[in-house]
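Content type PDB, C-alpha atoms, from the file protein-v2.pdb:
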ATOM      1  CA  MET A 924     -26.468   7.662  -3.174
ATOM      2  CA  SER A 925     -23.627   8.438  -5.543
ATOM      3  CA  SER A 926     -22.992   6.070  -8.388
ATOM      4  CA  VAL A 927     -19.580   7.163  -9.638
ATOM      5  CA  SER A 928     -17.937   6.809 -13.016
ATOM      6  CA  GLU A 929     -14.512   8.298 -13.488
ATOM      7  CA  GLY A 930     -12.773   9.853 -16.451
ATOM      8  CA  ARG A 931     -11.238  13.106 -17.626
ATOM      9  CA  PHE A 932     -13.388  16.011 -18.796
ATOM     10  CA  LEU A 933     -12.295  17.119 -22.242
ATOM     11  CA  SER A 934     -11.775  20.825 -21.630
ATOM     12  CA  SER A 935     -11.298  21.161 -17.883
ATOM     13  CA  SER A 936      -8.956  23.916 -16.755
ATOM     14  CA  VAL A 937      -8.195  22.194 -13.441
ATOM     15  CA  PRO A 938      -4.445  22.469 -12.848
ATOM     16  CA  PHE A 939      -2.273  19.575 -11.733
ATOM     17  CA  LEU A 940      -1.073  20.120  -8.189
ATOM     18  CA  THR A 941       0.671  17.470  -6.065
ATOM     19  CA  ARG A 942      -1.226  14.462  -7.339
ATOM     20  CA  PRO A 943      -3.430  14.531 -10.426
ATOM     21  CA  PRO A 944      -7.038  15.542  -9.802
ATOM     22  CA  ARG A 945      -9.739  12.906 -10.150
ATOM     23  CA  PHE A 946     -12.724  13.506 -12.401
ATOM     24  CA  ALA A 947     -16.035  11.736 -11.897
ATOM     25  CA  THR A 948     -19.685  11.733 -12.823
ATOM     26  CA  LEU A 949     -21.845  11.337  -9.732
ATOM     27  CA  LEU A 950     -25.441  10.123  -9.851
ATOM     28  CA  THR A 951     -27.809  11.905  -7.500
ATOM     29  CA  ASP A 952     -30.657  10.240  -5.604
ATOM     30  CA  ASP A 953     -33.085  11.410  -8.294
ATOM     31  CA  GLY A 954     -30.896  10.123 -11.127
ATOM     32  CA  VAL A 955     -29.191  13.294 -12.394
ATOM     33  CA  PRO A 956     -25.541  12.950 -13.540
ATOM     34  CA  VAL A 957     -23.307  15.579 -11.930
ATOM     35  CA  GLU A 958     -19.731  16.348 -13.001
ATOM     36  CA  ALA A 959     -17.266  16.554 -10.120
ATOM     37  CA  VAL A 960     -13.535  17.101  -9.604
ATOM     38  CA  TYR A 961     -11.473  15.964  -6.617
ATOM     39  CA  GLU A 962      -8.182  17.699  -5.838
ATOM     40  CA  PRO A 963      -5.930  16.460  -3.014
ATOM     41  CA  CYS A 964      -4.553  18.822  -0.427
ATOM     42  CA  THR A 965      -1.353  20.477  -1.626
ATOM     43  CA  ALA A 966       0.091  20.580   1.901
ATOM     44  CA  GLY A 967       1.831  17.211   2.115
ATOM     45  CA  SER A 968       1.227  14.819   5.005
ATOM     46  CA  GLY A 969       3.202  11.784   4.044
ATOM     47  CA  ALA A 970       3.131  10.246   7.484
ATOM     48  CA  ALA A 971      -0.613  10.538   7.882
ATOM     49  CA  GLU A 972      -2.836   7.524   8.121
ATOM     50  CA  THR A 973      -4.450   6.904   4.765
ATOM     51  CA  GLY A 974      -8.026   5.983   4.059
ATOM     52  CA  ALA A 975      -9.378   3.413   1.639
ATOM     53  CA  ALA A 976      -8.837   5.667  -1.378
ATOM     54  CA  GLY A 977      -5.223   6.433  -0.495
ATOM     55  CA  THR A 978      -6.012   9.888   0.882
ATOM     56  CA  PRO A 979      -5.097  11.033   4.395
ATOM     57  CA  ALA A 980      -7.979   9.976   6.629
ATOM     58  CA  ASP A 981      -7.362  12.919   8.946
ATOM     59  CA  THR A 982      -7.262  15.519   6.141
ATOM     60  CA  PRO A 983     -10.549  17.433   5.892
ATOM     61  CA  ALA A 984     -12.312  17.818   2.570
ATOM     62  CA  ILE A 985     -14.039  21.028   1.450
ATOM     63  CA  VAL A 986     -16.930  20.658  -0.985
ATOM     64  CA  VAL A 987     -17.531  23.860  -2.969
ATOM     65  CA  ALA A 988     -21.076  24.783  -4.072
ATOM     66  CA  HIS A 989     -20.978  27.502  -6.744
ATOM     67  CA  GLY A 990     -23.469  30.247  -7.456
ATOM     68  CA  PHE A 991     -26.184  30.389 -10.123
ATOM     69  CA  THR A 992     -24.689  30.296 -13.664
ATOM     70  CA  GLY A 993     -21.372  29.007 -12.269
ATOM     71  CA  SER A 994     -19.748  25.626 -12.847
ATOM     72  CA  ALA A 995     -16.772  23.544 -11.763
ATOM     73  CA  ASP A 996     -14.519  25.045 -14.428
ATOM     74  CA  ARG A 997     -15.362  28.742 -14.012
ATOM     75  CA  PRO A 998     -12.292  30.843 -13.100
ATOM     76  CA  ALA A 999     -13.700  32.095  -9.784
ATOM     77  CA  VAL A1000     -14.535  28.549  -8.675
ATOM     78  CA  ARG A1001     -11.114  27.308  -9.729
ATOM     79  CA  ARG A1002      -9.463  30.155  -7.787
ATOM     80  CA  ALA A1003     -11.433  29.236  -4.652
ATOM     81  CA  ALA A1004     -10.516  25.576  -5.080
ATOM     82  CA  GLN A1005      -6.823  26.394  -5.369
ATOM     83  CA  ALA A1006      -6.954  28.514  -2.207
ATOM     84  CA  PHE A1007      -8.808  25.831  -0.256
ATOM     85  CA  ALA A1008      -6.501  23.059  -1.523
ATOM     86  CA  GLN A1009      -3.607  24.614   0.384
ATOM     87  CA  ARG A1010      -5.332  23.497   3.593
ATOM     88  CA  ALA A1011      -7.698  20.652   2.643
ATOM     89  CA  ALA A1012      -8.718  18.318  -0.126
ATOM     90  CA  VAL A1013     -11.306  19.953  -2.375
ATOM     91  CA  ILE A1014     -14.286  18.738  -4.379
ATOM     92  CA  THR A1015     -15.836  21.067  -6.926
ATOM     93  CA  PHE A1016     -18.862  20.111  -8.987
ATOM     94  CA  SER A1017     -21.402  21.645 -11.328
ATOM     95  CA  PHE A1018     -24.985  21.865 -10.125
ATOM     96  CA  ARG A1019     -27.648  20.304 -12.345
ATOM     97  CA  GLY A1020     -28.296  22.400 -15.425
ATOM     98  CA  HIS A1021     -24.805  23.923 -15.191
ATOM     99  CA  GLY A1022     -21.589  23.037 -16.993
ATOM    100  CA  ARG A1023     -21.443  19.381 -18.075
ATOM    101  CA  SER A1024     -23.926  18.145 -15.489
ATOM    102  CA  GLY A1025     -27.279  16.845 -16.625
ATOM    103  CA  GLY A1026     -30.752  18.001 -15.739
ATOM    104  CA  ARG A1027     -32.052  21.526 -15.364
ATOM    105  CA  SER A1028     -31.455  24.087 -12.661
ATOM    106  CA  THR A1029     -34.190  24.426 -10.042
ATOM    107  CA  VAL A1030     -32.388  27.482  -8.615
ATOM    108  CA  GLY A1031     -31.662  26.001  -5.198
ATOM    109  CA  ASP A1032     -34.342  23.348  -4.672
ATOM    110  CA  ARG A1033     -33.260  19.925  -5.996
ATOM    111  CA  GLU A1034     -29.643  21.113  -5.965
ATOM    112  CA  VAL A1035     -29.443  19.884  -2.380
ATOM    113  CA  LEU A1036     -29.294  16.363  -3.872
ATOM    114  CA  ASP A1037     -26.307  17.345  -6.024
ATOM    115  CA  LEU A1038     -24.440  18.589  -2.962
ATOM    116  CA  ALA A1039     -25.317  15.453  -1.021
ATOM    117  CA  ALA A1040     -23.820  13.287  -3.784
ATOM    118  CA  ALA A1041     -20.584  15.306  -3.700
ATOM    119  CA  VAL A1042     -20.325  15.080   0.098
ATOM    120  CA  ALA A1043     -20.939  11.332  -0.022
ATOM    121  CA  TRP A1044     -18.165  11.000  -2.641
ATOM    122  CA  ALA A1045     -15.743  12.814  -0.346
ATOM    123  CA  ARG A1046     -16.436  10.238   2.353
ATOM    124  CA  GLU A1047     -16.098   7.377  -0.132
ATOM    125  CA  LEU A1048     -12.634   8.743  -0.960
ATOM    126  CA  GLY A1049     -11.637   8.309   2.686
ATOM    127  CA  HIS A1050     -12.294  11.691   4.294
ATOM    128  CA  THR A1051     -13.885  11.482   7.716
ATOM    129  CA  ARG A1052     -14.427  15.257   8.026
ATOM    130  CA  VAL A1053     -16.244  17.155   5.268
ATOM    131  CA  VAL A1054     -17.056  20.888   5.231
ATOM    132  CA  THR A1055     -19.441  22.476   2.722
ATOM    133  CA  VAL A1056     -18.732  25.995   1.398
ATOM    134  CA  GLY A1057     -21.437  27.588  -0.736
ATOM    135  CA  PHE A1058     -21.658  30.870  -2.619
ATOM    136  CA  SER A1059     -24.915  32.752  -3.357
ATOM    137  CA  MET A1060     -27.339  30.064  -4.614
ATOM    138  CA  GLY A1061     -24.801  27.524  -3.380
ATOM    139  CA  GLY A1062     -24.829  29.354  -0.045
ATOM    140  CA  SER A1063     -28.560  28.733   0.305
ATOM    141  CA  VAL A1064     -28.073  25.100  -0.742
ATOM    142  CA  VAL A1065     -25.427  24.388   1.926
ATOM    143  CA  LEU A1066     -27.774  25.816   4.565
ATOM    144  CA  ARG A1067     -30.654  23.541   3.551
ATOM    145  CA  HIS A1068     -28.290  20.600   3.144
ATOM    146  CA  GLY A1069     -26.990  21.204   6.662
ATOM    147  CA  ALA A1070     -30.557  21.132   7.992
ATOM    148  CA  LEU A1071     -31.770  18.122   6.005
ATOM    149  CA  TYR A1072     -28.724  15.849   6.126
ATOM    150  CA  THR A1073     -27.432  14.965   9.567
ATOM    151  CA  ALA A1074     -25.135  12.282  10.926
ATOM    152  CA  GLU A1075     -28.156  10.570  12.448
ATOM    153  CA  SER A1076     -30.220  10.572   9.258
ATOM    154  CA  VAL A1077     -30.844   7.275   7.509
ATOM    155  CA  LEU A1078     -32.106   6.883   3.944
ATOM    156  CA  GLY A1079     -35.867   6.477   4.002
ATOM    157  CA  ASP A1080     -36.392   7.867   7.514
ATOM    158  CA  ALA A1081     -37.524  11.483   7.716
ATOM    159  CA  PRO A1082     -35.575  13.487  10.319
ATOM    160  CA  VAL A1083     -38.173  14.479  12.911
ATOM    161  CA  ARG A1084     -36.965  18.072  13.109
ATOM    162  CA  VAL A1085     -37.318  18.778   9.352
ATOM    163  CA  PRO A1086     -40.777  19.712   7.988
ATOM    164  CA  ALA A1087     -42.305  16.715   6.245
ATOM    165  CA  ARG A1088     -43.246  18.837   3.213
ATOM    166  CA  GLU A1089     -39.577  18.895   2.165
ATOM    167  CA  GLY A1090     -39.989  15.297   1.059
ATOM    168  CA  ARG A1091     -36.243  14.558   1.294
ATOM    169  CA  THR A1092     -34.109  12.865   3.888
ATOM    170  CA  GLY A1093     -30.453  12.617   4.715
ATOM    171  CA  SER A1094     -28.640   9.585   3.358
ATOM    172  CA  ALA A1095     -25.967   8.026   5.519
ATOM    173  CA  GLY A1096     -22.587   9.629   4.839
ATOM    174  CA  ALA A1097     -24.017  12.661   3.011
ATOM    175  CA  HIS A1098     -23.951  15.045   5.973
ATOM    176  CA  SER A1099     -21.492  17.902   6.459
ATOM    177  CA  ASP A1100     -19.458  18.422   9.617
ATOM    178  CA  ALA A1101     -19.409  22.230   9.281
ATOM    179  CA  VAL A1102     -21.107  24.732   6.971
ATOM    180  CA  VAL A1103     -19.881  27.977   5.386
ATOM    181  CA  SER A1104     -22.437  30.114   3.537
ATOM    182  CA  VAL A1105     -21.185  33.107   1.531
ATOM    183  CA  SER A1106     -23.475  35.815   0.056
ATOM    184  CA  ALA A1107     -26.624  33.771   0.614
ATOM    185  CA  PRO A1108     -30.193  35.085   0.645
ATOM    186  CA  ALA A1109     -32.207  34.780   3.835
ATOM    187  CA  ARG A1110     -35.569  34.341   2.105
ATOM    188  CA  TRP A1111     -36.957  33.207  -1.227
ATOM    189  CA  TYR A1112     -38.517  35.377  -3.964
ATOM    190  CA  TYR A1113     -36.504  38.449  -3.009
ATOM    191  CA  ARG A1114     -36.754  41.200  -5.643
ATOM    192  CA  GLY A1115     -35.525  44.188  -3.670
ATOM    193  CA  THR A1116     -32.487  44.938  -5.872
ATOM    194  CA  ALA A1117     -32.074  45.427  -9.614
ATOM    195  CA  PRO A1118     -29.773  42.382 -10.037
ATOM    196  CA  MET A1119     -32.365  40.151  -8.347
ATOM    197  CA  ARG A1120     -35.145  41.512 -10.549
ATOM    198  CA  ARG A1121     -33.027  40.651 -13.586
ATOM    199  CA  LEU A1122     -32.365  37.173 -12.196
ATOM    200  CA  HIS A1123     -36.092  36.585 -11.700
ATOM    201  CA  TRP A1124     -36.657  37.580 -15.328
ATOM    202  CA  VAL A1125     -34.040  35.029 -16.451
ATOM    203  CA  VAL A1126     -35.600  32.280 -14.347
ATOM    204  CA  THR A1127     -39.317  32.895 -14.920
ATOM    205  CA  ARG A1128     -39.648  34.122 -18.511
ATOM    206  CA  PRO A1129     -39.175  32.000 -21.654
ATOM    207  CA  THR A1130     -36.934  34.648 -23.218
ATOM    208  CA  GLY A1131     -34.974  34.882 -19.981
ATOM    209  CA  ARG A1132     -34.419  31.130 -19.915
ATOM    210  CA  LEU A1133     -33.086  31.308 -23.471
ATOM    211  CA  VAL A1134     -30.625  33.971 -22.294
ATOM    212  CA  GLY A1135     -29.679  31.706 -19.408
ATOM    213  CA  ARG A1136     -29.128  28.727 -21.699
ATOM    214  CA  TYR A1137     -27.135  30.394 -24.450
ATOM    215  CA  GLY A1138     -25.669  33.372 -22.645
ATOM    216  CA  PHE A1139     -24.763  31.759 -19.313
ATOM    217  CA  ARG A1140     -24.614  28.034 -20.192
ATOM    218  CA  THR A1141     -27.361  27.377 -17.642
ATOM    219  CA  ARG A1142     -30.405  25.238 -18.431
ATOM    220  CA  ILE A1143     -33.313  26.275 -16.210
ATOM    221  CA  ALA A1144     -36.368  24.182 -15.315
ATOM    222  CA  THR A1145     -39.755  25.597 -16.310
ATOM    223  CA  GLU A1146     -41.712  24.140 -13.378
ATOM    224  CA  GLU A1147     -42.414  26.232 -10.308
ATOM    225  CA  TRP A1148     -41.400  24.958  -6.872
ATOM    226  CA  ASP A1149     -43.953  22.507  -5.472
ATOM    227  CA  PRO A1150     -43.657  22.417  -2.559
ATOM    228  CA  VAL A1151     -41.649  25.544  -1.797
ATOM    229  CA  PRO A1152     -38.396  24.332  -0.196
ATOM    230  CA  LEU A1153     -37.343  25.160   3.333
ATOM    231  CA  SER A1154     -36.122  28.761   3.291
ATOM    232  CA  PRO A1155     -32.535  29.589   4.301
ATOM    233  CA  VAL A1156     -33.675  31.459   7.416
ATOM    234  CA  ALA A1157     -35.808  28.475   8.446
ATOM    235  CA  ALA A1158     -32.979  26.034   7.759
ATOM    236  CA  VAL A1159     -30.351  27.822   9.865
ATOM    237  CA  PRO A1160     -31.703  26.808  13.305
ATOM    238  CA  LEU A1161     -31.641  23.146  12.251
ATOM    239  CA  ILE A1162     -27.916  23.040  11.398
ATOM    240  CA  ALA A1163     -26.646  22.895  14.994
ATOM    241  CA  PRO A1164     -24.674  21.268  16.472
ATOM    242  CA  ALA A1165     -22.594  21.556  13.279
ATOM    243  CA  PRO A1166     -20.564  24.826  13.260
ATOM    244  CA  LEU A1167     -21.885  27.509  10.906
ATOM    245  CA  LEU A1168     -20.047  30.469   9.353
ATOM    246  CA  LEU A1169     -21.935  33.217   7.505
ATOM    247  CA  VAL A1170     -19.927  35.548   5.225
ATOM    248  CA  HIS A1171     -21.372  38.590   3.448
ATOM    249  CA  GLY A1172     -20.032  41.702   1.745
ATOM    250  CA  ASP A1173     -21.230  45.167   2.695
ATOM    251  CA  ARG A1174     -21.324  46.088  -1.016
ATOM    252  CA  ASP A1175     -23.285  43.045  -2.180
ATOM    253  CA  PRO A1176     -25.489  44.296  -5.039
ATOM    254  CA  TYR A1177     -27.859  41.311  -4.797
ATOM    255  CA  PHE A1178     -28.646  40.901  -1.092
ATOM    256  CA  PRO A1179     -28.269  43.784   1.395
ATOM    257  CA  LEU A1180     -27.025  43.305   4.935
ATOM    258  CA  ASP A1181     -30.425  42.503   6.408
ATOM    259  CA  HIS A1182     -30.080  39.031   4.821
ATOM    260  CA  PRO A1183     -26.964  37.849   6.711
ATOM    261  CA  ARG A1184     -28.228  39.494   9.887
ATOM    262  CA  MET A1185     -31.532  37.640   9.606
ATOM    263  CA  LEU A1186     -29.635  34.378   9.155
ATOM    264  CA  ALA A1187     -27.392  35.056  12.138
ATOM    265  CA  ASP A1188     -30.379  35.975  14.316
ATOM    266  CA  ALA A1189     -32.170  32.789  13.275
ATOM    267  CA  ALA A1190     -29.205  30.713  14.427
ATOM    268  CA  GLY A1191     -29.626  32.044  17.954
ATOM    269  CA  PRO A1192     -26.910  32.940  20.492
ATOM    270  CA  GLY A1193     -23.675  31.181  19.580
ATOM    271  CA  GLY A1194     -25.326  29.321  16.715
ATOM    272  CA  ALA A1195     -23.367  30.994  13.932
ATOM    273  CA  GLU A1196     -20.309  33.152  13.349
ATOM    274  CA  LEU A1197     -20.958  36.178  11.111
ATOM    275  CA  TRP A1198     -18.281  37.944   9.050
ATOM    276  CA  LEU A1199     -19.370  41.195   7.403
ATOM    277  CA  GLU A1200     -16.643  41.948   4.882
ATOM    278  CA  ARG A1201     -15.889  45.602   4.155
ATOM    279  CA  GLY A1202     -15.831  46.461   0.445
ATOM    280  CA  MET A1203     -16.813  42.966  -0.714
ATOM    281  CA  GLY A1204     -19.355  42.466  -3.475
ATOM    282  CA  HIS A1205     -21.163  39.221  -4.273
ATOM    283  CA  ALA A1206     -20.153  35.585  -3.957
ATOM    284  CA  GLU A1207     -17.103  33.779  -5.387
ATOM    285  CA  ASN A1208     -16.340  36.460  -7.963
ATOM    286  CA  ALA A1209     -15.855  39.028  -5.196
ATOM    287  CA  ALA A1210     -14.050  36.808  -2.675
ATOM    288  CA  GLU A1211     -10.420  37.867  -2.489
ATOM    289  CA  ASP A1212      -7.623  35.365  -1.920
ATOM    290  CA  ALA A1213      -7.098  36.550   1.659
ATOM    291  CA  LEU A1214     -10.770  35.932   2.473
ATOM    292  CA  LEU A1215     -10.680  32.494   0.850
ATOM    293  CA  ALA A1216      -7.652  31.633   2.990
ATOM    294  CA  ARG A1217      -9.483  32.755   6.136
ATOM    295  CA  ILE A1218     -12.517  30.667   5.183
ATOM    296  CA  ALA A1219     -10.268  27.639   4.656
ATOM    297  CA  ASP A1220      -8.615  28.227   8.023
ATOM    298  CA  TRP A1221     -12.017  28.372   9.723
ATOM    299  CA  ALA A1222     -13.259  25.285   7.874
ATOM    300  CA  THR A1223     -10.257  23.182   8.830
ATOM    301  CA  ALA A1224     -10.129  24.415  12.440
ATOM    302  CA  ALA A1225     -13.850  24.371  13.287
ATOM    303  CA  PRO A1226     -14.555  21.831  16.040
ATOM    304  CA  PRO A1227     -16.575  18.760  15.049
ATOM    305  CA  ALA A1228     -20.286  18.765  15.755
TER     306      ALA A1228
END

Kindly return the structure encoded in the file as structure tokens.
Amino acid sequence: MSSVSEGRFLSSSVPFLTRPPRFATLLTDDGVPVEAVYEPCTAGSGAAETGAAGTPADTPAIVVAHGFTGSADRPAVRRAAQAFAQRAAVITFSFRGHGRSGGRSTVGDREVLDLAAAVAWARELGHTRVVTVGFSMGGSVVLRHGALYTAESVLGDAPVRVPAREGRTGSAGAHSDAVVSVSAPARWYYRGTAPMRRLHWVVTRPTGRLVGRYGFRTRIATEEWDPVPLSPVAAVPLIAPAPLLLVHGDRDPYFPLDHPRMLADAAGPGGAELWLERGMGHAENAAEDALLARIADWATAAPPA
């Protein structure tokens, strides 16, 4: 699943906390190199049992999935990582086509493999409980990952509850124990707001992809989805029994409130917790420190599936 080589990225802005962070290049199941950073929890637990990698086996790990045009070293991602590290170990990474990762962005499709590699790395480092937290595009990815990768999934065996057209299966150890999706869309191809119409121009037009590459450091694939991946609203019912938290701002300029409400309805009674945040805009850039702390508290306290 995740062939790992370790080293230090030349210009990372990751701060040193209690122990030095670890830098690695993960190899996804389809062979794309993905940059990743591991930061230990800053709340000491010296008496805790340690796993094989020298990390507390009972300390949860939060894997952060950034939004489109983000990366592991963007200030908003670093701020989220620092907030989460006060309560858990944290892995940040750059999706394919972003930052120093290889490949090209498929805007939420093959990115599920990048997330799976990061989750598997967290378990290799000794963490028995791993929570995924995704923002915007990353929010849609954690939902599909939660549906496609389960504790019962075995590499090469298609989970019976996932549509066969997805063509991907959950590798052992790549599943999440709880899922947090922030500012995610409910459905694909949404163009109902001006920011989403601009995003579609960036993704679908040659000139737009040049803007993405040189203006936003994001390399975008030219191929259309084939097949169209499982939509977020279709993925949500498949995440249970893992706990699911949906977070959305009431001033989100990209996705109005019908998106989180559709996701919550799809989860069914008791299937998801929904936080509608007053005054919040979109994704990691709009998430205030107090909200990040609340998300971390939920992630570390959520009961296991």

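Rounded to one decimal, CA of Pro1164 in chain A and CA of Ser1104 in chain A lie 15.8 Å from each other.
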
Any idea what the distance is between CA of Gly1031 in chain A and CA of Asp1149 in chain A?
12.8 Å

Can you translate the PyMOL selection byres ((chain A and resi 995) around 12) into the concrete residues it hits in this file, as a ChimeraX atom specification?
/A:932,934-937,946-947,957-962,986-994,996-1004,1013-1019,1021-1024

What does the distance from CA of Ala1165 in chain A to CA of Val1102 in chain A come to in Å, to one decimal?
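A separation of 7.2 Å between them.
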
Please write as a short mmCIF file (atom, residue, chain, number, x, y, z; two decimals) with C-alpha atoms, in the frame of the given file the full residue list that the PyMOL selection byres ((chain A and resi 1054) around 6) yields on this file.
data_model
loop_
_atom_site.label_atom_id
_atom_site.label_comp_id
_atom_site.auth_asym_id
_atom_site.auth_seq_id
_atom_site.Cartn_x
_atom_site.Cartn_y
_atom_site.Cartn_z
CA ILE A 985 -14.04 21.03 1.45
CA VAL A 1053 -16.24 17.16 5.27
CA THR A 1055 -19.44 22.48 2.72
CA SER A 1099 -21.49 17.90 6.46
CA ASP A 1100 -19.46 18.42 9.62
CA ALA A 1101 -19.41 22.23 9.28
CA VAL A 1102 -21.11 24.73 6.97
#

When you look at Met1203 in chain A with a cut-off of 8 Å (counting only C-alpha atoms), what residues show up, excluding the ones that are within fewer than 6 positions of it in the same chain? I need them as a list of chain:residue names.
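With the cut-off at 8 Å, the set is A:His1171, A:Gly1172, A:Asp1173, A:Arg1174, A:Asp1175, A:Ala1209, A:Ala1210.
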
Contacts of Thr1029 in chain A at 12 Å or less, counting all atoms listed in the file, minus same-chain residues fewer than 2 places along, as a PyMOL selection string?
chain A and resi 991-992+1018-1021+1026-1027+1031-1037+1060-1061+1064+1126-1127+1132+1141-1149+1151-1152

Next, write the just-selected residues to a file, as a compact mmCIF listing (two decimals), in the coordinates of the input, keeping C-alpha atoms as the atom set.
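Saved to again_27.txt:
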# COMPACT_ATOMS: atom_id res chain seq x y z
CA PHE A 991 -26.18 30.39 -10.12
CA THR A 992 -24.69 30.30 -13.66
CA PHE A 1018 -24.98 21.86 -10.12
CA ARG A 1019 -27.65 20.30 -12.34
CA GLY A 1020 -28.30 22.40 -15.42
CA HIS A 1021 -24.80 23.92 -15.19
CA GLY A 1026 -30.75 18.00 -15.74
CA ARG A 1027 -32.05 21.53 -15.36
CA GLY A 1031 -31.66 26.00 -5.20
CA ASP A 1032 -34.34 23.35 -4.67
CA ARG A 1033 -33.26 19.92 -6.00
CA GLU A 1034 -29.64 21.11 -5.96
CA VAL A 1035 -29.44 19.88 -2.38
CA LEU A 1036 -29.29 16.36 -3.87
CA ASP A 1037 -26.31 17.34 -6.02
CA MET A 1060 -27.34 30.06 -4.61
CA GLY A 1061 -24.80 27.52 -3.38
CA VAL A 1064 -28.07 25.10 -0.74
CA VAL A 1126 -35.60 32.28 -14.35
CA THR A 1127 -39.32 32.90 -14.92
CA ARG A 1132 -34.42 31.13 -19.92
CA THR A 1141 -27.36 27.38 -17.64
CA ARG A 1142 -30.40 25.24 -18.43
CA ILE A 1143 -33.31 26.28 -16.21
CA ALA A 1144 -36.37 24.18 -15.32
CA THR A 1145 -39.76 25.60 -16.31
CA GLU A 1146 -41.71 24.14 -13.38
CA GLU A 1147 -42.41 26.23 -10.31
CA TRP A 1148 -41.40 24.96 -6.87
CA ASP A 1149 -43.95 22.51 -5.47
CA VAL A 1151 -41.65 25.54 -1.80
CA PRO A 1152 -38.40 24.33 -0.20

Skip range 1188-1200 of chain A itself and residues of its chain fewer than 6 positions away, then list as a list in words all residues within 8 Å of it, counting only C-alpha atoms.
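Counting only C-alpha atoms, the residues come to Val1156, Ala1157, Val1159, Pro1160, Ala1163, Pro1166, Leu1167, Leu1168, Leu1169, Val1170, His1171, Gly1172 and Asp1173 of chain A.
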
Centre and size of axis-aligned box enclosing range 980-986 of chain A plus 4 Å each side, as JSON:
{"center_x": -12.1, "center_y": 15.5, "center_z": 4.0, "size_x": 17.7, "size_y": 19.1, "size_z": 17.9}

Taking the file as shown, what set of residues would the PyMOL selection byres ((chain A and resi 1059) around 7) give back, as a list in words?
Gly990, Gly1057, Phe1058, Met1060, Gly1061, Gly1062, Ser1063, Val1105, Ser1106, Ala1107 and Ala1206 of chain A

Can you tell me which residues surround Arg1110 in chain A at a distance of at most 8 Å, considering all atoms listed in the file, apart from same-chain residues fewer than 3 positions away, and format the answer as an MDAnalysis selection string?
chainID A and resid 1113 1154:1156 1182

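Nearest residue to Leu1153 in chain A among A:Pro943, A:Gly1069, A:Pro1183, A:Gly1025 is A:Gly1069, counting only C-alpha atoms.
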
Could you check the closest approach to Ile1218 in chain A for each of A:Ala1117, A:Cys964, A:Ala1008, A:Ala1041 and tell me which residue wins, using only C-alpha atoms?
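Using only C-alpha atoms, Ile1218 in chain A sits closest to A:Ala1008.
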
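Here the question is which of A:Ala1006, A:Val1125, A:Ala1216, A:Ala1039 gets nearest to Gly1096 in chain A using all atoms listed in the file, and that residue is A:Ala1039.
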